[in-house]
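Chemist: The file below is entry.txt, compact mmCIF, C-alpha atoms:
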# COMPACT_ATOMS: atom_id res chain seq x y z
CA MET A 29 0.00 0.00 0.00
CA SER A 30 2.84 2.36 0.80
CA GLU A 31 4.43 1.66 -2.59
CA GLN A 32 1.09 2.40 -4.28
CA GLY A 33 0.81 5.68 -2.40
CA ALA A 34 4.36 6.62 -3.33
CA GLY A 35 3.59 5.90 -6.96
CA ASP A 36 0.47 8.04 -6.84
CA ARG A 37 2.37 10.90 -5.21
CA SER A 38 5.09 10.56 -7.86
CA GLY A 39 2.51 10.75 -10.64
CA VAL A 40 0.93 13.84 -9.09
CA ALA A 41 4.35 15.45 -8.74
CA CYS A 42 5.17 14.70 -12.38
CA SER A 43 1.89 16.22 -13.53
CA ALA A 44 2.41 19.29 -11.39
CA SER A 45 5.92 19.71 -12.77
CA HIS A 46 4.50 20.66 -16.16
CA GLY A 47 1.12 22.20 -15.48
CA TRP A 48 -0.61 25.35 -16.62
CA GLY A 49 2.12 27.64 -15.32
CA ASP A 50 4.80 25.98 -17.42
CA ALA A 51 2.44 25.90 -20.40
CA LEU A 52 1.82 29.64 -20.06
CA VAL A 53 5.56 30.37 -19.90
CA THR A 54 6.17 28.19 -22.97
CA VAL A 55 3.46 29.87 -25.04
CA LEU A 56 4.35 33.42 -24.01
CA ALA A 57 8.04 32.82 -24.66
CA GLY A 58 7.25 31.51 -28.14
CA LEU A 59 4.96 34.47 -28.84
CA VAL A 60 7.57 36.98 -27.67
CA ALA A 61 10.29 35.34 -29.78
CA MET A 62 8.14 35.47 -32.90
CA ALA A 63 6.84 38.99 -32.28
CA VAL A 64 10.30 40.42 -31.57
CA THR A 65 11.79 38.77 -34.65
CA ALA A 66 8.94 40.00 -36.84
CA SER A 67 9.06 43.52 -35.36
CA LEU A 68 12.80 43.91 -35.89
CA GLY A 69 12.57 42.53 -39.41
CA LEU A 70 9.70 44.81 -40.38
CA TRP A 71 11.39 47.79 -38.76
CA ALA A 72 14.56 47.10 -40.76
CA ALA A 73 12.38 46.87 -43.88
CA GLY A 74 10.89 50.32 -43.17
CA ALA A 75 7.42 49.17 -42.17
CA SER A 76 7.46 51.30 -39.02
CA GLY A 77 6.47 54.24 -41.23
CA LEU A 78 3.15 52.73 -42.32
CA PRO A 79 0.21 55.13 -41.89
CA ASP A 80 -2.65 54.97 -39.41
CA GLY A 81 -0.67 53.09 -36.77
CA ALA A 82 -0.61 49.95 -38.88
CA PHE A 83 2.77 48.64 -37.67
CA PRO A 84 1.55 46.45 -34.75
CA HIS A 85 -1.19 45.05 -36.96
CA VAL A 86 1.37 44.14 -39.64
CA VAL A 87 3.52 42.47 -36.98
CA ALA A 88 0.53 40.41 -35.88
CA ALA A 89 -0.16 39.44 -39.50
CA VAL A 90 3.44 38.29 -40.00
CA VAL A 91 3.29 36.19 -36.82
CA VAL A 92 0.00 34.68 -38.00
CA MET A 93 1.57 33.69 -41.33
CA ALA A 94 4.66 32.35 -39.53
CA ALA A 95 2.45 30.10 -37.41
CA GLY A 96 0.77 28.64 -40.48
CA GLY A 97 -2.24 30.94 -40.52
CA THR A 98 -3.70 32.80 -43.46
CA VAL A 99 -3.97 36.53 -44.13
CA ASP A 100 -6.21 37.77 -46.93
CA LEU A 101 -5.36 40.97 -48.78
CA ALA A 102 -8.00 43.29 -50.19
CA GLY A 103 -8.09 46.66 -51.88
CA ASP A 104 -10.45 49.31 -53.12
CA ALA A 105 -10.18 52.52 -55.13
CA GLY A 106 -13.74 53.67 -55.55
CA ASP A 107 -16.52 52.56 -57.88
CA LEU A 108 -14.55 52.72 -61.15
CA ALA A 109 -11.11 51.64 -59.97
CA ARG A 110 -10.14 48.46 -58.16
CA THR A 111 -7.08 47.15 -56.42
CA HIS A 112 -6.49 43.46 -56.01
CA ALA A 113 -3.81 41.57 -54.15
CA ASP A 114 -2.97 38.14 -52.81
CA LEU A 115 -0.04 36.79 -50.84
CA SER A 116 1.02 33.29 -49.88
CA ALA A 117 4.39 33.06 -48.16
CA TRP A 118 5.97 31.87 -44.93
CA PRO A 119 8.31 34.27 -43.06
CA LEU A 120 10.43 31.31 -41.99
CA SER A 121 12.83 33.29 -39.78
CA VAL A 122 9.88 34.11 -37.53
CA THR A 123 8.65 30.53 -37.77
CA LEU A 124 12.05 29.16 -36.78
CA ALA A 125 12.32 31.48 -33.77
CA GLY A 126 8.95 30.34 -32.44
CA THR A 127 9.67 26.69 -33.18
CA LEU A 128 12.94 26.63 -31.24
CA VAL A 129 11.54 28.44 -28.21
CA ILE A 130 8.27 26.49 -27.98
CA ALA A 131 10.05 23.17 -28.49
CA ALA A 132 12.55 23.97 -25.74
CA GLY A 133 9.78 25.00 -23.36
CA PHE A 134 7.78 21.87 -24.14
CA LEU A 135 10.75 19.57 -23.52
CA ARG A 136 12.09 21.27 -20.39
CA PRO A 137 9.76 19.63 -17.82
CA LEU A 138 10.21 16.22 -19.50
CA ARG A 139 13.98 16.03 -19.35
CA HIS A 140 15.81 13.39 -17.31
CA ARG A 141 13.02 10.86 -17.59
CA ALA A 142 13.11 7.55 -19.43
CA VAL A 143 9.41 6.91 -20.09
CA ALA A 144 6.23 9.00 -19.93
CA GLY A 145 2.65 7.84 -20.16
CA THR A 146 0.53 8.60 -23.21
CA ARG A 147 -2.05 10.37 -21.05
CA GLU A 148 0.61 12.49 -19.40
CA LEU A 149 2.14 13.64 -22.68
CA ALA A 150 -1.28 14.28 -24.20
CA GLY A 151 -2.31 16.35 -21.19
CA TRP A 152 0.86 18.42 -21.29
CA ALA A 153 0.48 19.02 -25.04
CA ALA A 154 -3.22 19.88 -24.59
CA ARG A 155 -2.41 22.60 -22.06
CA VAL A 156 0.09 24.18 -24.41
CA ALA A 157 -2.35 23.88 -27.34
CA THR A 158 -5.20 25.47 -25.40
CA LEU A 159 -3.17 28.55 -24.54
CA TRP A 160 -1.72 28.72 -28.06
CA ALA A 161 -5.26 28.66 -29.47
CA LEU A 162 -6.10 31.74 -27.40
CA VAL A 163 -2.96 33.44 -28.72
CA LEU A 164 -3.93 32.62 -32.31
CA ILE A 165 -7.40 34.07 -31.84
CA GLY A 166 -5.96 37.26 -30.36
CA LEU A 167 -3.41 37.62 -33.15
CA SER A 168 -6.06 37.01 -35.80
CA LEU A 169 -8.26 39.77 -34.39
CA LEU A 170 -5.30 42.14 -34.27
CA ALA A 171 -4.04 41.25 -37.76
CA ARG A 172 -6.47 43.41 -39.72
CA ARG A 173 -6.00 46.92 -41.07
CA THR A 174 -6.76 49.11 -44.09
CA PHE A 175 -4.73 52.12 -45.12
CA ALA A 176 -4.27 54.40 -48.13
CA VAL A 177 -1.70 53.72 -50.84
CA THR A 178 0.01 56.61 -52.58
CA VAL A 179 0.06 56.05 -56.35
CA GLY A 180 2.27 58.19 -58.52
CA GLY A 181 2.28 58.82 -62.26
CA PRO A 182 -0.66 59.49 -64.58
CA THR A 183 -2.74 56.64 -63.20
CA GLY A 184 -2.59 58.12 -59.72
CA THR A 185 -3.62 61.53 -61.07
CA VAL A 186 -6.61 60.11 -62.96
CA ILE A 187 -7.86 58.01 -60.07
CA GLY A 188 -7.15 60.52 -57.34
CA ASP A 189 -8.20 63.74 -59.01
CA VAL A 190 -10.67 62.90 -61.76
CA LEU A 191 -12.43 59.92 -60.22
CA ASP A 192 -11.91 61.03 -56.62
CA ALA A 193 -10.90 57.51 -55.61
CA SER A 194 -7.90 57.00 -53.35
CA PRO A 195 -6.54 53.45 -53.56
CA ARG A 196 -6.65 51.61 -50.27
CA VAL A 197 -5.21 48.24 -49.41
CA GLY A 198 -5.89 46.14 -46.36
CA PHE A 199 -5.32 42.76 -44.82
CA ARG A 200 -7.40 40.56 -42.59
CA ALA A 201 -6.55 37.26 -40.93
CA ASP A 202 -9.02 34.40 -41.26
CA VAL A 203 -9.70 33.55 -37.61
CA LEU A 204 -11.10 30.05 -38.04
CA LEU A 205 -8.60 28.91 -40.66
CA THR A 206 -5.72 30.43 -38.70
CA LEU A 207 -6.86 28.58 -35.58
CA VAL A 208 -6.99 25.23 -37.36
CA LEU A 209 -3.74 25.62 -39.28
CA GLY A 210 -1.95 27.18 -36.32
CA LEU A 211 -2.83 24.23 -34.08
CA ILE A 212 -1.65 21.82 -36.79
CA TRP A 213 1.64 23.76 -36.92
CA LEU A 214 1.96 23.54 -33.13
CA ALA A 215 1.30 19.80 -33.20
CA GLY A 216 4.08 19.41 -35.75
CA VAL A 217 6.46 21.41 -33.55
CA LEU A 218 5.70 19.31 -30.47
CA VAL A 219 5.99 16.00 -32.32
CA LEU A 220 9.27 17.09 -33.92
CA ALA A 221 10.60 18.13 -30.51
CA LEU A 222 9.89 14.65 -29.12
CA LEU A 223 11.50 13.02 -32.16
CA VAL A 224 14.68 15.10 -32.07
CA SER A 225 15.44 15.06 -28.36
CA ARG A 226 17.23 11.96 -27.12
CA ALA A 227 16.44 12.90 -23.50
CA ALA A 228 12.68 13.35 -23.97
CA PRO A 229 10.58 10.43 -22.72
CA LEU A 230 8.24 8.44 -24.92
CA PRO A 231 5.28 6.21 -24.06
CA ALA A 232 6.40 2.62 -23.47
CA ARG A 233 4.76 1.33 -26.66
CA LEU A 234 6.68 3.85 -28.78
CA VAL A 235 10.13 3.33 -27.28
CA ARG A 236 11.00 0.71 -29.90
CA PHE A 237 10.63 3.33 -32.65
CA GLN A 238 13.19 5.73 -31.22
CA GLU A 239 16.23 3.92 -32.65
CA PRO A 240 15.26 4.27 -36.34
CA VAL A 241 13.50 7.65 -36.03
CA ARG A 242 15.32 9.87 -33.55
CA PRO A 243 18.82 9.83 -35.09
CA ALA A 244 17.40 10.66 -38.53
CA ALA A 245 15.17 13.45 -37.19
CA TYR A 246 18.07 14.93 -35.22
CA ALA A 247 20.33 14.83 -38.28
CA MET A 248 17.77 16.61 -40.46
CA VAL A 249 17.22 19.38 -37.92
CA ALA A 250 20.99 19.76 -37.63
CA LEU A 251 21.22 19.99 -41.43
CA LEU A 252 18.61 22.74 -41.63
CA LEU A 253 20.15 24.70 -38.76
CA ALA A 254 23.60 24.38 -40.31
CA TYR A 255 22.28 26.04 -43.46
CA VAL A 256 20.75 28.83 -41.36
CA VAL A 257 24.01 29.44 -39.47
CA LEU A 258 25.99 29.47 -42.72
CA GLY A 259 23.48 31.87 -44.29
CA LEU A 260 23.61 34.10 -41.21
CA VAL A 261 27.40 34.38 -41.47
CA VAL A 262 27.17 35.23 -45.17
CA GLY A 263 24.43 37.78 -44.47
CA LEU A 264 26.40 39.52 -41.72
CA VAL A 265 29.46 39.72 -43.93
CA ALA A 266 27.36 41.16 -46.74
CA ALA A 267 25.81 43.72 -44.40
CA ALA A 268 29.26 44.83 -43.23
CA THR A 269 30.95 45.00 -46.63
CA ARG A 270 28.38 45.64 -49.35
CA GLY A 271 26.22 48.38 -47.86
CA HIS A 272 22.43 48.46 -47.36
CA PRO A 273 22.64 46.83 -43.91
CA ALA A 274 18.98 47.55 -43.09
CA GLU A 275 17.75 45.61 -46.12
CA THR A 276 20.10 42.74 -45.32
CA PHE A 277 18.93 42.53 -41.71
CA ALA A 278 15.30 42.62 -42.90
CA VAL A 279 15.98 39.55 -45.03
CA ILE A 280 17.81 37.81 -42.17
CA LEU A 281 15.03 38.46 -39.66
CA LEU A 282 12.14 37.63 -41.97
CA GLY A 283 13.22 35.21 -44.66
CA LEU A 284 16.72 33.82 -44.16
CA PRO A 285 15.57 30.16 -44.00
CA ASN A 286 13.51 30.73 -47.15
CA LEU A 287 16.70 31.52 -49.05
CA VAL A 288 19.15 29.07 -47.50
CA TRP A 289 16.78 26.10 -47.54
CA LEU A 290 15.93 26.92 -51.15
CA SER A 291 19.66 26.81 -51.86
CA CYS A 292 19.81 23.41 -50.15
CA THR A 293 17.33 21.94 -52.63
CA LEU A 294 19.13 23.63 -55.55
CA GLY A 295 22.41 22.16 -54.38
CA LEU A 296 20.82 18.71 -54.37
CA GLY A 297 19.89 19.24 -58.02
CA ALA A 298 16.25 20.25 -57.63
CA SER A 299 14.72 22.85 -59.92
CA TRP A 300 12.08 25.48 -59.29
CA GLU A 301 10.10 27.72 -61.59
CA GLY A 302 9.31 31.32 -60.96
CA LYS A 303 8.74 34.83 -62.18
CA ALA A 304 9.18 38.32 -60.80
CA ASP A 305 7.89 41.46 -62.46
CA GLY A 306 6.65 44.87 -61.48
CA PRO A 307 8.26 47.80 -59.68
CA PHE A 308 9.05 45.93 -56.47
CA ALA A 309 12.63 44.97 -55.67
CA LEU A 310 12.93 41.45 -54.32
CA PRO A 311 14.83 41.03 -51.02
CA VAL A 312 16.99 38.29 -52.53
CA PRO A 313 20.55 38.06 -53.90
CA GLN A 314 21.00 39.86 -57.21
CA VAL A 315 21.74 36.66 -59.11
CA LEU A 316 18.42 35.16 -58.05
CA ASP A 317 16.49 38.31 -58.91
CA SER A 318 18.08 38.42 -62.38
CA VAL A 319 17.07 34.82 -63.12
CA LEU A 320 13.47 35.40 -62.03
CA ARG A 321 12.96 38.73 -63.84
CA THR A 322 11.97 37.36 -67.22
CA PRO A 323 8.83 37.96 -69.31
CA ASP A 324 7.73 34.35 -68.88
CA ILE A 325 8.05 31.68 -66.21
CA SER A 326 11.73 30.82 -65.88
CA THR A 327 13.47 27.72 -64.56
CA LEU A 328 15.56 28.17 -61.44
CA ASP A 329 18.34 25.66 -60.84
CA VAL A 330 22.09 25.63 -60.34
CA THR A 331 22.71 25.79 -64.10
CA THR A 332 20.64 28.93 -64.67
CA LEU A 333 22.13 30.56 -61.58
CA ALA A 334 25.65 29.69 -62.75
CA GLU A 335 24.98 31.38 -66.10
CA ALA A 336 24.61 34.62 -64.16
CA ASP A 337 27.25 33.87 -61.52
CA ALA A 338 29.65 30.91 -61.76
CA ARG A 339 30.04 30.87 -57.98
CA SER A 340 26.59 29.26 -57.81
CA TRP A 341 28.25 25.88 -58.38
CA TRP A 342 29.41 26.08 -54.78
CA LEU A 343 25.83 25.28 -53.81
CA VAL A 344 26.46 21.70 -54.94
CA VAL A 345 29.66 21.45 -52.90
CA VAL A 346 27.99 22.82 -49.77
CA ALA A 347 25.00 20.50 -50.19
CA ALA A 348 27.26 17.46 -50.58
CA ALA A 349 29.37 18.35 -47.53
CA LEU A 350 26.45 19.16 -45.23
CA THR A 351 24.32 16.22 -46.33
CA LEU A 352 27.19 13.77 -45.80
CA SER A 353 27.86 15.36 -42.41
CA ALA A 354 24.19 14.88 -41.49
CA ALA A 355 24.36 11.24 -42.56
CA PHE A 356 27.50 10.73 -40.46
CA LEU A 357 25.78 12.40 -37.47
CA MET A 358 22.77 10.12 -37.91
CA ALA A 359 25.03 7.06 -38.01
CA ILE A 360 27.00 7.86 -34.86
CA ARG A 361 23.75 8.45 -32.96
CA SER A 362 22.32 5.13 -34.16
CA PRO A 363 23.02 1.72 -32.60
CA ALA A 364 26.27 0.18 -33.80
CA ARG A 365 24.53 -3.00 -34.94
CA MET A 366 22.58 -1.17 -37.68
CA PRO A 367 23.92 -2.16 -41.14
CA PRO A 368 24.93 0.47 -43.76
CA ARG A 369 22.04 -0.35 -46.11
CA GLN A 370 19.57 0.37 -43.31
CA HIS A 371 21.29 3.69 -42.62
CA ALA A 372 20.94 4.49 -46.32
CA VAL A 373 17.20 3.81 -46.29
CA HIS A 374 16.65 5.86 -43.12
CA MET A 375 18.65 8.76 -44.55
CA ALA A 376 16.73 8.63 -47.83
CA VAL A 377 13.36 8.73 -46.10
CA ALA A 378 14.45 11.53 -43.79
CA LEU A 379 15.90 13.65 -46.59
CA VAL A 380 12.81 13.18 -48.77
CA LEU A 381 10.59 14.40 -45.92
CA THR A 382 12.92 17.33 -45.30
CA VAL A 383 12.95 18.41 -48.94
CA LEU A 384 9.17 18.02 -49.08
CA THR A 385 8.84 20.34 -46.09
CA ILE A 386 11.13 22.90 -47.73
CA CYS A 387 9.17 22.75 -50.99
CA LEU A 388 5.87 23.29 -49.19
CA THR A 389 7.05 26.18 -47.00
CA ALA A 390 9.51 28.06 -49.24
CA ARG A 391 7.14 28.55 -52.19
CA ILE A 392 5.89 32.08 -52.81
CA SER A 393 2.87 33.48 -54.60
CA ALA A 394 2.26 37.23 -54.49
CA HIS A 395 0.40 39.62 -56.76
CA TYR A 396 -0.72 43.22 -56.56
CA GLY A 397 -2.61 45.09 -59.25
CA LEU A 398 -4.50 48.30 -59.87
CA SER A 399 -7.12 48.43 -62.63
CA LEU A 400 -9.37 51.12 -64.06
CA LEU A 401 -12.83 50.22 -65.39
CA GLY A 402 -11.80 46.60 -65.04
CA ILE A 403 -9.07 46.88 -67.68
CA GLY A 404 -5.78 45.42 -66.44
CA ASP A 405 -2.95 47.14 -64.62
CA MET A 406 -2.59 50.74 -65.80
CA ASP A 407 0.78 52.13 -66.90
CA GLY A 408 2.35 54.11 -64.12
CA GLY A 409 0.32 52.37 -61.45
CA LEU A 410 1.28 49.72 -58.97
CA GLY A 411 1.35 46.19 -60.22
CA GLY A 412 3.59 43.20 -59.81
CA GLU A 413 3.78 39.46 -59.43
CA VAL A 414 6.20 37.10 -57.72
CA ILE A 415 5.93 33.34 -58.15
CA LEU A 416 8.27 30.63 -56.90
CA ARG A 417 7.24 27.00 -56.89
CA PRO A 418 9.18 23.71 -56.97
CA HIS A 419 9.23 20.84 -59.43
CA LEU A 420 8.20 18.54 -56.62
CA GLY A 421 8.55 15.10 -58.20
CA SER A 422 12.13 15.52 -59.38
CA ALA A 423 13.13 17.23 -56.13
CA LEU A 424 11.92 14.28 -54.04
CA ALA A 425 13.52 11.73 -56.36
CA LEU A 426 16.88 13.49 -56.14
CA ALA A 427 16.56 13.72 -52.36
CA ALA A 428 15.99 9.97 -52.17
CA LEU A 429 19.09 9.34 -54.30
CA TRP A 430 21.24 11.70 -52.24
CA GLY A 431 19.92 10.09 -49.06
CA LEU A 432 20.80 6.58 -50.17
CA VAL A 433 24.33 7.52 -51.20
CA THR A 434 25.21 9.76 -48.25
CA GLY A 435 23.50 7.43 -45.78
CA PHE A 436 25.65 4.51 -46.92
CA LEU A 437 28.84 6.58 -46.93
CA GLY A 438 28.03 8.13 -43.57
CA SER A 439 27.61 4.68 -42.06
CA LEU A 440 30.99 3.58 -43.41
CA LEU A 441 32.65 6.68 -41.96
CA ALA A 442 30.94 6.15 -38.60
CA SER A 443 32.23 2.58 -38.43
CA ARG A 444 35.63 4.04 -37.52
CA VAL A 445 34.13 5.92 -34.56
CA LEU A 446 33.10 4.48 -31.20
CA ARG A 447 29.31 4.50 -31.31
CA ARG A 448 26.36 3.69 -29.10
CA GLY A 449 26.16 0.02 -28.28
CA GLU A 450 29.90 -0.51 -28.64
CA VAL A 451 32.55 -1.02 -26.00
CA PRO A 452 36.29 -0.52 -26.50
CA GLY A 453 37.94 -3.67 -27.83
Can I see the file as structure tokens?

Modeler:
Amino acid sequence: MSEQGAGDRSGVACSASHGWGDALVTVLAGLVAMAVTASLGLWAAGASGLPDGAFPHVVAAVVVMAAGGTVDLAGDAGDLARTHADLSAWPLSVTLAGTLVIAAGFLRPLRHRAVAGTRELAGWAARVATLWALVLIGLSLLARRTFAVTVGGPTGTVIGDVLDASPRVGFRADVLLTLVLGLIWLAGVLVLALLVSRAAPLPARLVRFQEPVRPAAYAMVALLLAYVVLGLVVGLVAAATRGHPAETFAVILLGLPNLVWLSCTLGLGASWEGKADGPFALPVPQVLDSVLRTPDISTLDVTTLAEADARSWWLVVVAAALTLSAAFLMAIRSPARMPPRQHAVHMAVALVLTVLTICLTARISAHYGLSLLGIGDMDGGLGGEVILRPHLGSALALAALWGLVTGFLGSLLASRVLRRGEVPG
């Protein structure tokens, strides 16, 4: 009876160790990390000068998009003129900041334990999800604003003076869709945190899956973060030596993973298609902007980039080195008894899932137009389009091939290192 009572008290203590207080700290820390990153990025981009006190609303909209939510754009310029806009993009720097902080907060109370019950983990995740849902609702209500757009040139004169119609553009978060997608994003973050952390406990029935899954998940997260660190170093050097530091910091704080993870897929041989036109300058390297600024849809791969800048071939070298390093890391964290062919399969599956995630989150679709009497974009007005989408099938096939090769080689390299499950001879 005493042992039963001790067990009950232990269970109560474990539950209390990650209750509502810890859940609130985790959610607020994640929100602060995302809001600060978005605010600094938008400030560096010059958004602090938006009219009608729109800056905090724009920050909320960026955080909503970073958490997987949706923000609809709308415009109006009177009865005879119309503005139209749409935007689909992930500010992945903000997403990454929230992911790291929320994952760390979720794992903190679970550390130093071997096994956790399914009910316990579900309860802890449910508390975090409940508070995150309230945050998403609040952000969605804040992420809505309409303000005037100054249009120059003859079109602006006609619309503003003759038709007495001042173009206005606005944005509005979809509360219900943001709530659903934001909770799905959070679930993905929590599951990934459990998969990556070797110290996090799993339910007893899932412990047998940790050997094939956790090393691969850890290696893929390390691969993605390595690209971010490398891109951050390059960005800081560019900011210090090439001028325009504010624009560079805006890219770093809003879309650095978008660029470096895109370069990862290009280095693996994947191709994308895209287009950029209109008066808007893209916050991307000049070589990428030059490839995309064509009259028609253009193909984006290492070959087309190298035609504009031969240094683009280094993307292949970096991809090979980092992917092989990830495979080696996966192998040394795996049991020593696992054969090389099994490492190759695990690496292929993991890399395919990683490339799929990049392709789904790094794509961009944006359009803004101003029309008069329903007839197209007028000369001298605002209008532009940015499209970037992957050739998904070939990208996944190449990822599988790279995974098989690097997984096998990484296992052979790890065979010379003392690994888990081995003892010195």

Chemist: Find the spatial neighbours of Ala355 of chain A, counting all atoms listed in the file, within a cut-off of 7 Å - ignore same-chain residues fewer than 4 positions away - and output them as a list in words.

Modeler: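 Result of the neighbour search: Ala247, Thr351, Ala359, Met375, Thr434, Gly435 and Gly438 of chain A.
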
Chemist: Could you check the closest approach to Ala228 of chain A for each of A:Leu138, A:Ala354, A:Ile325, A:Ala51 and tell me which residue wins, using all atoms listed in the file?

Modeler: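 Among A:Leu138, A:Ala354, A:Ile325, A:Ala51, it is A:Leu138 that comes nearest to Ala228 of chain A.
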
Chemist: Which residues are near Val208 of chain A? Cut-off 10 Å, only C-alpha atoms, ignore same chain within fewer than 3 positions. Put them as a PDB file with C-alpha atoms, keeping the file's coordinate frame.

Modeler:
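For reference, around.pdb as written:
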ATOM      1  CA  GLY A  96       0.770  28.640 -40.480  1.00  0.00           C
ATOM      2  CA  GLY A  97      -2.240  30.940 -40.520  1.00  0.00           C
ATOM      3  CA  ALA A 161      -5.260  28.660 -29.470  1.00  0.00           C
ATOM      4  CA  LEU A 164      -3.930  32.620 -32.310  1.00  0.00           C
ATOM      5  CA  VAL A 203      -9.700  33.550 -37.610  1.00  0.00           C
ATOM      6  CA  LEU A 204     -11.100  30.050 -38.040  1.00  0.00           C
ATOM      7  CA  LEU A 205      -8.600  28.910 -40.660  1.00  0.00           C
ATOM      8  CA  LEU A 211      -2.830  24.230 -34.080  1.00  0.00           C
ATOM      9  CA  ILE A 212      -1.650  21.820 -36.790  1.00  0.00           C
ATOM     10  CA  TRP A 213       1.640  23.760 -36.920  1.00  0.00           C
TER      11      TRP A 213
END

Chemist: Kindly give the distance, in Å, that separates atom CA of Gly421 of chain A and atom CA of Ser362 of chain A, rounded to a single decimal.

Modeler: 29.4 Å

Chemist: Identify, on the basis of only C-alpha atoms, every residue whose closest approach to Ala157 of chain A does not exceed 12 Å; exclude the query and any residue fewer than 6 positions from it along the same chain; express the result as a PyMOL selection string.

Modeler: chain A and resi 48+51-52+54-55+130+134+150-151+163-164+207-208+210-218

Chemist: Could you state the separation of atom CA of Ser393 of chain A and atom CA of Ser168 of chain A in Å, given to one decimal place?

Modeler: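 Spanning atom CA of Ser393 of chain A to atom CA of Ser168 of chain A is a straight-line distance of 21.1 Å.
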
Chemist: Tell me, counting all atoms listed in the file, for each residue of segment 339-438 of chain A within 12 Å of segment 252-256 of chain A, which pair of atoms is nearest and how far apart they are in Å to one decimal, in rows ordered by chain and increasing number, as JSON lines.

Modeler:
{"residue": "A:Leu343", "atom": "CA", "partner": "A:Tyr255", "partner_atom": "CA", "distance": 11.0}
{"residue": "A:Val346", "atom": "CA", "partner": "A:Tyr255", "partner_atom": "CA", "distance": 9.1}
{"residue": "A:Ala347", "atom": "CA", "partner": "A:Tyr255", "partner_atom": "CA", "distance": 9.1}
{"residue": "A:Ala349", "atom": "CA", "partner": "A:Ala254", "partner_atom": "CA", "distance": 11.0}
{"residue": "A:Leu350", "atom": "CA", "partner": "A:Ala254", "partner_atom": "CA", "distance": 7.7}
{"residue": "A:Thr351", "atom": "CA", "partner": "A:Leu252", "partner_atom": "CA", "distance": 9.9}
{"residue": "A:Ser353", "atom": "CA", "partner": "A:Ala254", "partner_atom": "CA", "distance": 10.2}
{"residue": "A:Ala354", "atom": "CA", "partner": "A:Ala254", "partner_atom": "CA", "distance": 9.6}
{"residue": "A:Leu379", "atom": "CA", "partner": "A:Leu252", "partner_atom": "CA", "distance": 10.7}
{"residue": "A:Thr382", "atom": "CA", "partner": "A:Leu252", "partner_atom": "CA", "distance": 8.7}
{"residue": "A:Val383", "atom": "CA", "partner": "A:Leu252", "partner_atom": "CA", "distance": 10.2}
{"residue": "A:Thr385", "atom": "CA", "partner": "A:Leu252", "partner_atom": "CA", "distance": 11.0}
{"residue": "A:Ile386", "atom": "CA", "partner": "A:Leu252", "partner_atom": "CA", "distance": 9.7}

Chemist: Kindly indicate which residue among A:Ala125, A:Leu223, A:Ala250, A:Ala88 lies nearest to Ala171 of chain A, using only C-alpha atoms for the distances.

Modeler: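 Using only C-alpha atoms, the shortest distance to Ala171 of chain A belongs to A:Ala88.
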